[in-house]
Each structure stands twice: as structure tokens, then as C-alpha cells.
>>> print(open('work_11.txt').read())   # compact mmCIF, C-alpha atoms
# COMPACT_ATOMS: atom_id res chain seq x y z
CA MET A 783 53.74 -0.12 -10.01
CA ARG A 784 52.91 -1.67 -13.34
CA HIS A 785 51.35 -4.70 -11.58
CA LEU A 786 49.21 -2.42 -9.43
CA ALA A 787 47.93 -0.57 -12.49
CA LEU A 788 47.15 -3.87 -14.22
CA ALA A 789 45.33 -5.19 -11.15
CA LEU A 790 43.24 -2.02 -10.89
CA ALA A 791 42.42 -2.18 -14.60
CA LEU A 792 41.19 -5.74 -14.21
CA LEU A 793 39.20 -5.07 -11.02
CA MET A 794 37.51 -1.84 -12.15
CA PRO A 795 35.00 -3.50 -14.55
CA ILE A 796 34.00 -5.95 -11.80
CA ALA A 797 33.41 -3.13 -9.33
CA LEU A 798 31.40 -1.15 -11.86
CA ALA A 799 29.29 -4.19 -12.73
CA GLY A 800 28.35 -4.52 -9.08
CA CYS A 801 27.22 -0.86 -8.98
CA HIS A 802 25.19 -1.31 -12.16
CA LYS A 803 23.46 -4.37 -10.72
CA GLU A 804 22.34 -2.39 -7.64
CA ALA A 805 20.77 0.27 -9.86
CA ALA A 806 18.39 -2.28 -11.37
CA LYS A 807 15.33 -0.86 -13.05
CA ILE A 808 12.33 -0.49 -10.75
CA PRO A 809 9.25 -2.23 -12.21
CA LEU A 810 6.46 0.05 -13.38
CA PRO A 811 2.93 -0.54 -12.02
CA GLN A 812 0.69 -2.86 -13.99
CA ARG A 813 -2.82 -1.99 -15.09
CA MET A 814 -5.47 -3.58 -12.87
CA THR A 815 -7.55 -6.05 -14.88
CA ALA A 816 -9.98 -8.89 -14.20
CA GLU A 817 -6.93 -11.17 -13.78
CA ALA A 818 -5.79 -9.21 -10.67
CA ILE A 819 -6.61 -11.46 -7.69
CA GLY A 820 -6.13 -10.37 -4.07
CA HIS A 821 -3.21 -12.08 -2.34
CA TYR A 822 -4.98 -12.65 0.99
CA CYS A 823 -8.64 -12.90 -0.07
CA GLY A 824 -8.25 -14.75 -3.39
CA MET A 825 -10.94 -12.56 -4.97
CA ASN A 826 -11.08 -10.40 -8.10
CA LEU A 827 -10.01 -6.86 -7.20
CA LEU A 828 -12.50 -5.26 -9.60
CA GLU A 829 -15.36 -6.64 -7.48
CA HIS A 830 -14.45 -4.50 -4.43
CA PRO A 831 -14.64 -0.75 -3.77
CA GLY A 832 -11.81 1.40 -2.46
CA PRO A 833 -8.11 1.70 -3.19
CA LYS A 834 -5.97 -1.28 -4.19
CA GLY A 835 -2.29 -2.16 -4.11
CA GLN A 836 0.40 -4.11 -5.92
CA ILE A 837 3.89 -5.04 -4.77
CA PHE A 838 6.88 -6.12 -6.84
CA ALA A 839 9.56 -8.27 -5.19
CA ALA A 840 12.80 -9.38 -6.84
CA SER A 841 12.09 -13.00 -5.88
CA LEU A 842 8.66 -13.02 -7.54
CA ILE A 843 7.85 -13.10 -11.25
CA GLU A 844 4.53 -11.25 -11.10
CA PRO A 845 3.27 -8.44 -8.85
CA VAL A 846 1.35 -9.38 -5.73
CA TRP A 847 -2.14 -7.79 -5.79
CA PHE A 848 -4.17 -6.58 -2.81
CA SER A 849 -7.87 -5.73 -2.44
CA SER A 850 -7.02 -2.97 0.04
CA VAL A 851 -4.13 -0.65 0.78
CA ARG A 852 -4.19 -1.81 4.38
CA ASP A 853 -3.41 -5.36 3.17
CA THR A 854 -0.68 -3.94 0.93
CA ILE A 855 1.02 -2.27 3.88
CA ALA A 856 0.51 -5.38 6.04
CA PHE A 857 2.47 -7.43 3.48
CA THR A 858 5.50 -5.19 4.13
CA MET A 859 5.23 -5.75 7.91
CA LEU A 860 4.61 -9.49 8.12
CA PRO A 861 7.71 -11.60 8.82
CA ASP A 862 6.86 -14.46 6.44
CA GLU A 863 6.43 -12.26 3.34
CA PRO A 864 9.32 -11.49 0.95
CA LYS A 865 11.59 -8.62 2.02
CA ASP A 866 13.20 -7.99 -1.38
CA ILE A 867 10.52 -5.43 -2.29
CA GLN A 868 11.34 -3.37 -5.36
CA ALA A 869 8.19 -1.23 -5.59
CA ILE A 870 4.91 -0.73 -3.75
CA TYR A 871 2.09 0.88 -5.74
CA VAL A 872 -1.28 1.99 -4.38
CA SER A 873 -4.31 3.60 -6.00
CA ASP A 874 -4.05 7.40 -6.02
CA MET A 875 -7.54 8.21 -4.77
CA GLY A 876 -7.11 11.89 -5.68
CA LYS A 877 -7.23 10.73 -9.30
CA ALA A 878 -9.98 8.13 -8.85
CA SER A 879 -13.39 8.70 -10.40
CA SER A 880 -15.10 7.45 -7.21
CA TRP A 881 -14.66 5.21 -4.16
CA ASP A 882 -16.32 2.36 -6.09
CA LYS A 883 -14.05 2.87 -9.11
CA PRO A 884 -10.55 3.57 -7.80
CA GLY A 885 -9.00 3.35 -11.29
CA ALA A 886 -7.03 0.75 -13.18
CA ASP A 887 -3.84 2.72 -13.76
CA ASN A 888 -3.68 5.73 -11.43
CA TRP A 889 -0.90 4.36 -9.21
CA VAL A 890 1.44 6.16 -6.84
CA GLU A 891 4.54 4.67 -5.19
CA ALA A 892 3.34 4.06 -1.62
CA ARG A 893 6.54 5.34 -0.02
CA ASN A 894 5.90 8.70 -1.73
CA ALA A 895 2.17 8.86 -0.90
CA LEU A 896 0.21 10.37 1.94
CA PHE A 897 -2.47 8.27 3.67
CA VAL A 898 -5.68 9.21 5.42
CA ILE A 899 -6.25 6.77 8.26
CA GLY A 900 -9.29 6.52 10.51
CA SER A 901 -11.82 7.78 7.94
CA ARG A 902 -15.45 6.62 7.86
CA LEU A 903 -14.93 4.77 4.54
CA LYS A 904 -14.09 1.06 4.54
CA GLY A 905 -11.67 -0.79 2.27
CA GLY A 906 -12.27 -3.53 -0.28
CA MET A 907 -12.94 -6.27 2.27
CA GLY A 908 -14.91 -4.05 4.68
CA GLY A 909 -12.06 -3.17 7.04
CA ASP A 910 -10.52 0.15 8.01
CA GLU A 911 -8.48 1.60 5.18
CA ALA A 912 -5.35 3.68 4.67
CA VAL A 913 -6.51 5.90 1.80
CA PRO A 914 -3.58 6.98 -0.43
CA PHE A 915 -3.03 10.29 -2.21
CA SER A 916 -0.14 11.76 -4.20
CA ASP A 917 -1.34 15.30 -3.49
CA ARG A 918 -1.62 16.76 0.03
CA ALA A 919 -4.52 19.07 -0.91
CA GLU A 920 -6.55 16.04 -2.11
CA ALA A 921 -5.73 14.17 1.12
CA GLU A 922 -6.80 17.16 3.21
CA LYS A 923 -10.06 17.50 1.28
CA PHE A 924 -10.80 13.79 1.77
CA ALA A 925 -10.03 13.97 5.51
CA THR A 926 -12.28 17.01 5.92
CA GLU A 927 -15.17 15.22 4.17
CA ASN A 928 -14.67 11.72 5.65
CA GLY A 929 -12.71 12.17 8.87
CA GLY A 930 -9.30 10.76 9.67
CA ARG A 931 -5.78 12.07 9.82
CA ILE A 932 -2.97 12.29 7.27
CA VAL A 933 0.24 10.29 7.70
CA ALA A 934 3.20 9.25 5.54
CA PHE A 935 3.88 5.60 4.64
CA ASP A 936 6.37 5.12 7.49
CA GLU A 937 3.93 6.74 9.95
CA VAL A 938 1.01 4.34 9.37
CA PRO A 939 0.72 2.67 12.79
CA ARG A 940 1.48 -1.05 12.87
CA ASP A 941 -1.58 -1.65 15.07
CA TYR A 942 -3.81 0.17 12.55
CA VAL A 943 -2.66 -2.18 9.82
CA LEU A 944 -2.37 -5.51 11.66
CA ALA A 945 -5.15 -5.33 14.27
CA SER A 946 -8.66 -6.34 13.23
CA SER A 947 -11.35 -3.66 13.07
CA ASN A 948 -13.05 -5.30 16.03
CA ASP A 949 -9.92 -4.84 18.14
CA ARG A 950 -9.98 -1.07 17.55
CA ALA A 951 -13.66 -0.20 17.48
CA VAL A 952 -15.44 -1.99 20.29
CA PRO A 953 -18.90 -0.40 20.77
CA VAL A 954 -19.37 1.27 24.14
CA PRO A 955 -22.82 0.90 25.76
CA ASN A 956 -24.68 4.15 26.47
CA ASP A 957 -27.95 4.93 28.18
CA ASP A 958 -30.55 6.43 25.82
CA ALA A 959 -32.70 9.28 27.01
CA ASP A 960 -35.43 6.77 27.94
CA GLY A 961 -33.05 4.65 30.03
CA ARG A 962 -32.56 1.77 27.54
CA ARG A 963 -29.04 0.48 26.79
CA SER A 964 -27.70 0.95 23.28
CA THR A 965 -24.34 0.83 21.52
CA ASN A 966 -22.65 3.49 19.43
>>> encode(input="work_11.txt", output="C-alpha cells")
Amino acid sequence: MRHLALALALLMPIALAGCHKEAAKIPLPQRMTAEAIGHYCGMNLLEHPGPKGQIFAASLIEPVWFSSVRDTIAFTMLPDEPKDIQAIYVSDMGKASSWDKPGADNWVEARNALFVIGSRLKGGMGGDEAVPFSDRAEAEKFATENGGRIVAFDEVPRDYVLASSNDRAVPVPNDDADGRRSTN
């Protein structure tokens, strides 16, 4: 019995250390500055309108920056990107001063945000965007004004994120009133 008690006493600190390691501190979002360069486009994020993103992975020293939220979400879906993601932050557009100035430090954890997809507004590189909000009322207001529907992070369709805009929005020819062909 004494040996069992001694063994447990020696093993308990090891077990607790393992639990403490799993509860590692989640990195806080960084302020977006002129040094923030888009992971896929290689361009300065401040030069593009619309919401931005940053991802922290345990295997990376610095956050990975994105010129659009759609690119941020794509990073989490692509097989060749790191899977040890600690935090995903996106611009909270309910707190942004405008579409052109999404804010340098109004971040929301993407997995806690709501997204308006299919709106008329385009992201930082001109593609369709998943517009993030921390507040449902702000998301609803945006969707009413700009179109689209509200979804959670896990509900953003893979095809919406990974397909090109051209794959989703092919113009359909119509006849004008005077019989000429046009596209919508």
C-alpha cells in the first residue's frame, strides 16, 4: 500500500503538468499596422477595403495575416496549411468606422462571430466576402442593407470560400426589350 501511495505521489505532478500544458494561453489579436502583409497576396493589408483576418498557430512565431476574411477561413480548410490553430481573429465590422476602414484593433474570435455571406460588397482583393460581426443585430442590419444571409463560422460553405467568384456568378444572357442580348 505504501508503494502505491508513493507511486501516485510521484505520478500526480506529471499528470497535472500535462493538464496545465493543454490549457496554454490563447494569443491575443495583434493590432493591424503597415507591417501586416497578406499571406496569399503579399500586399499591405491597409491598402485594401473590407474586413481582415489573422491566425495564430502553435507552430508559427508570428500571426498569419489575410487581406480578406474569406482567405482567413480558406486557410483553415486547405490541407497544406498548419492545423495547430490557436486563435482565428477577424475584423468586427459592427465596430468598424466604414468598409474602407475596417479598424486596426476591433477583432472578434472567428469561431464566435456571425458572418454575412452573399452580400453585394467585395473583400480586400475584390472577391466575395464573409463579413464578420460579434453582434447579431449588426449582422442583420448589414444583411438588410447589402443583401446576403447570416451564418456561423462552421456554417460558411466550403464552396463559398474555396471557389472563385467566377465559378459562382456566371452572367446569364437575357434579351433586352429591343431584342439585343445583354448580361446581368
>>> closest_residue(input="work_11.txt", among="A:Gly820, A:Gly905, A:Pro833, A:Gly885", to="Phe857 in chain A", atoms="all atoms listed in the file")
A:Gly820
>>> residues_around(input="work_11.txt", residues="range 810-818 of chain A", least_positions_apart="5", cutoff="12 Å", atoms="only C-alpha atoms", output="mmCIF file with C-alpha atoms, keeping the file's coordinate frame")
data_model
loop_
_atom_site.group_PDB
_atom_site.id
_atom_site.type_symbol
_atom_site.label_atom_id
_atom_site.label_comp_id
_atom_site.auth_asym_id
_atom_site.auth_seq_id
_atom_site.Cartn_x
_atom_site.Cartn_y
_atom_site.Cartn_z
ATOM 1 C CA CYS A 823 -8.640 -12.900 -0.070
ATOM 2 C CA GLY A 824 -8.250 -14.750 -3.390
ATOM 3 C CA MET A 825 -10.940 -12.560 -4.970
ATOM 4 C CA ASN A 826 -11.080 -10.400 -8.100
ATOM 5 C CA LEU A 827 -10.010 -6.860 -7.200
ATOM 6 C CA LEU A 828 -12.500 -5.260 -9.600
ATOM 7 C CA GLU A 829 -15.360 -6.640 -7.480
ATOM 8 C CA HIS A 830 -14.450 -4.500 -4.430
ATOM 9 C CA PRO A 833 -8.110 1.700 -3.190
ATOM 10 C CA LYS A 834 -5.970 -1.280 -4.190
ATOM 11 C CA GLY A 835 -2.290 -2.160 -4.110
ATOM 12 C CA GLN A 836 0.400 -4.110 -5.920
ATOM 13 C CA ILE A 837 3.890 -5.040 -4.770
ATOM 14 C CA PHE A 838 6.880 -6.120 -6.840
ATOM 15 C CA GLU A 844 4.530 -11.250 -11.100
ATOM 16 C CA PRO A 845 3.270 -8.440 -8.850
ATOM 17 C CA VAL A 846 1.350 -9.380 -5.730
ATOM 18 C CA TRP A 847 -2.140 -7.790 -5.790
ATOM 19 C CA PHE A 848 -4.170 -6.580 -2.810
ATOM 20 C CA SER A 849 -7.870 -5.730 -2.440
ATOM 21 C CA GLN A 868 11.340 -3.370 -5.360
ATOM 22 C CA ALA A 869 8.190 -1.230 -5.590
ATOM 23 C CA ILE A 870 4.910 -0.730 -3.750
ATOM 24 C CA TYR A 871 2.090 0.880 -5.740
ATOM 25 C CA VAL A 872 -1.280 1.990 -4.380
ATOM 26 C CA SER A 873 -4.310 3.600 -6.000
ATOM 27 C CA LYS A 883 -14.050 2.870 -9.110
ATOM 28 C CA PRO A 884 -10.550 3.570 -7.800
ATOM 29 C CA GLY A 885 -9.000 3.350 -11.290
ATOM 30 C CA ALA A 886 -7.030 0.750 -13.180
ATOM 31 C CA ASP A 887 -3.840 2.720 -13.760
ATOM 32 C CA ASN A 888 -3.680 5.730 -11.430
ATOM 33 C CA TRP A 889 -0.900 4.360 -9.210
ATOM 34 C CA VAL A 890 1.440 6.160 -6.840
ATOM 35 C CA GLU A 891 4.540 4.670 -5.190
ATOM 36 C CA ALA A 892 3.340 4.060 -1.620
#
>>> residues_near_point(input="work_11.txt", point="(3.6, 6.1, 10.0)", cutoff="12 Å", atoms="all atoms listed in the file", output="PyMOL selection string")
chain A and resi 855+892-893+895-899+912+931-943
>>> atom_distance(input="work_11.txt", atom1="CA of Gly900 in chain A", atom2="CA of Tyr822 in chain A")
21.8 Å
>>> closest_residue(input="work_11.txt", among="A:Ala925, A:Ala919, A:Ile843, A:Ala878", to="Leu903 in chain A", atoms="only C-alpha atoms")
A:Ala925
>>> atom_distance(input="work_11.txt", atom1="CA of Asp862 in chain A", atom2="CA of Ser850 in chain A")
19.1 Å
>>> atom_distance(input="work_11.txt", atom1="CA of Ser901 in chain A", atom2="CA of Ala945 in chain A")
16.0 Å
>>> residues_near_point(input="work_11.txt", point="(-12.5, 6.9, 4.9)", cutoff="7 Å", atoms="all atoms listed in the file", output="list in words")
Gly900, Ser901, Arg902, Leu903, Lys904, Glu911, Val913, Asn928, Gly929 and Gly930 of chain A
>>> closest_residue(input="work_11.txt", among="A:Met875, A:Ile808, A:Ala839, A:Met907", to="Ser946 in chain A", atoms="all atoms listed in the file")
A:Met907
>>> closest_residue(input="work_11.txt", among="A:Asp910, A:Pro809, A:Asp866, A:Trp881", to="Arg852 in chain A", atoms="all atoms listed in the file")
A:Asp910
>>> closest_residue(input="work_11.txt", among="A:Gly832, A:Leu944, A:Ala856, A:Ser916", to="Ser879 in chain A", atoms="only C-alpha atoms")
A:Gly832
>>> axis_aligned_box(input="work_11.txt", around="range 848-852 of chain A", padding_each_side="3 Å", output="lines of an AutoDock Vina configuration file")
center_x = -6.0
center_y = -3.6
center_z = 0.8
size_x = 9.7
size_y = 11.9
size_z = 13.2
>>> build_atoms(input="work_11.txt", residues="range 902-913 of chain A", atoms="all heavy atoms", output="compact mmCIF listing (two decimals), in the coordinates of the input")
# COMPACT_ATOMS: atom_id res chain seq x y z
N ARG A 902 -14.20 7.38 7.74
CA ARG A 902 -15.45 6.62 7.86
C ARG A 902 -15.60 5.58 6.74
O ARG A 902 -16.39 4.66 6.85
CB ARG A 902 -16.66 7.54 7.87
CG ARG A 902 -16.88 8.28 6.58
CD ARG A 902 -18.14 9.13 6.60
NE ARG A 902 -18.29 9.87 5.37
CZ ARG A 902 -18.79 9.37 4.25
NH1 ARG A 902 -19.20 8.12 4.23
NH2 ARG A 902 -18.88 10.10 3.16
N LEU A 903 -14.82 5.70 5.66
CA LEU A 903 -14.93 4.77 4.54
C LEU A 903 -14.15 3.49 4.81
O LEU A 903 -13.08 3.52 5.41
CB LEU A 903 -14.46 5.42 3.25
CG LEU A 903 -15.31 6.61 2.78
CD1 LEU A 903 -14.74 7.19 1.50
CD2 LEU A 903 -16.75 6.20 2.57
N LYS A 904 -14.70 2.38 4.33
CA LYS A 904 -14.09 1.06 4.54
C LYS A 904 -13.44 0.57 3.25
O LYS A 904 -13.89 0.87 2.16
CB LYS A 904 -15.13 0.05 5.03
CG LYS A 904 -15.80 0.46 6.34
CD LYS A 904 -14.80 0.57 7.46
CE LYS A 904 -15.43 1.01 8.76
NZ LYS A 904 -14.44 1.31 9.78
N GLY A 905 -12.41 -0.25 3.41
CA GLY A 905 -11.67 -0.79 2.27
C GLY A 905 -12.40 -1.92 1.57
O GLY A 905 -13.53 -2.28 1.90
N GLY A 906 -11.71 -2.51 0.59
CA GLY A 906 -12.27 -3.53 -0.28
C GLY A 906 -12.88 -4.72 0.41
O GLY A 906 -13.85 -5.30 -0.08
N MET A 907 -12.39 -5.11 1.56
CA MET A 907 -12.94 -6.27 2.27
C MET A 907 -13.71 -5.83 3.52
O MET A 907 -13.96 -6.63 4.42
CB MET A 907 -11.82 -7.25 2.64
CG MET A 907 -11.13 -7.87 1.44
SD MET A 907 -12.23 -8.73 0.30
CE MET A 907 -12.72 -10.12 1.29
N GLY A 908 -14.08 -4.54 3.58
CA GLY A 908 -14.91 -4.05 4.68
C GLY A 908 -14.16 -3.59 5.91
O GLY A 908 -14.78 -3.21 6.90
N GLY A 909 -12.85 -3.59 5.88
CA GLY A 909 -12.06 -3.17 7.04
C GLY A 909 -11.64 -1.71 6.94
O GLY A 909 -11.85 -1.04 5.93
N ASP A 910 -11.05 -1.21 8.02
CA ASP A 910 -10.52 0.15 8.01
C ASP A 910 -9.48 0.25 6.90
O ASP A 910 -8.81 -0.73 6.58
CB ASP A 910 -9.87 0.47 9.35
CG ASP A 910 -10.89 0.60 10.48
OD1 ASP A 910 -12.07 0.86 10.17
OD2 ASP A 910 -10.51 0.43 11.63
N GLU A 911 -9.36 1.44 6.32
CA GLU A 911 -8.48 1.60 5.18
C GLU A 911 -7.48 2.73 5.41
O GLU A 911 -7.74 3.66 6.17
CB GLU A 911 -9.32 1.90 3.92
CG GLU A 911 -8.55 1.96 2.63
CD GLU A 911 -7.79 0.70 2.30
OE1 GLU A 911 -6.71 0.46 2.91
OE2 GLU A 911 -8.24 -0.07 1.44
N ALA A 912 -6.33 2.60 4.77
CA ALA A 912 -5.35 3.68 4.67
C ALA A 912 -5.49 4.22 3.25
O ALA A 912 -5.09 3.57 2.30
CB ALA A 912 -3.94 3.14 4.92
N VAL A 913 -6.13 5.37 3.11
CA VAL A 913 -6.51 5.90 1.80
C VAL A 913 -5.36 6.75 1.23
O VAL A 913 -5.02 7.78 1.81
CB VAL A 913 -7.81 6.73 1.90
CG1 VAL A 913 -8.27 7.14 0.50
CG2 VAL A 913 -8.90 5.93 2.61
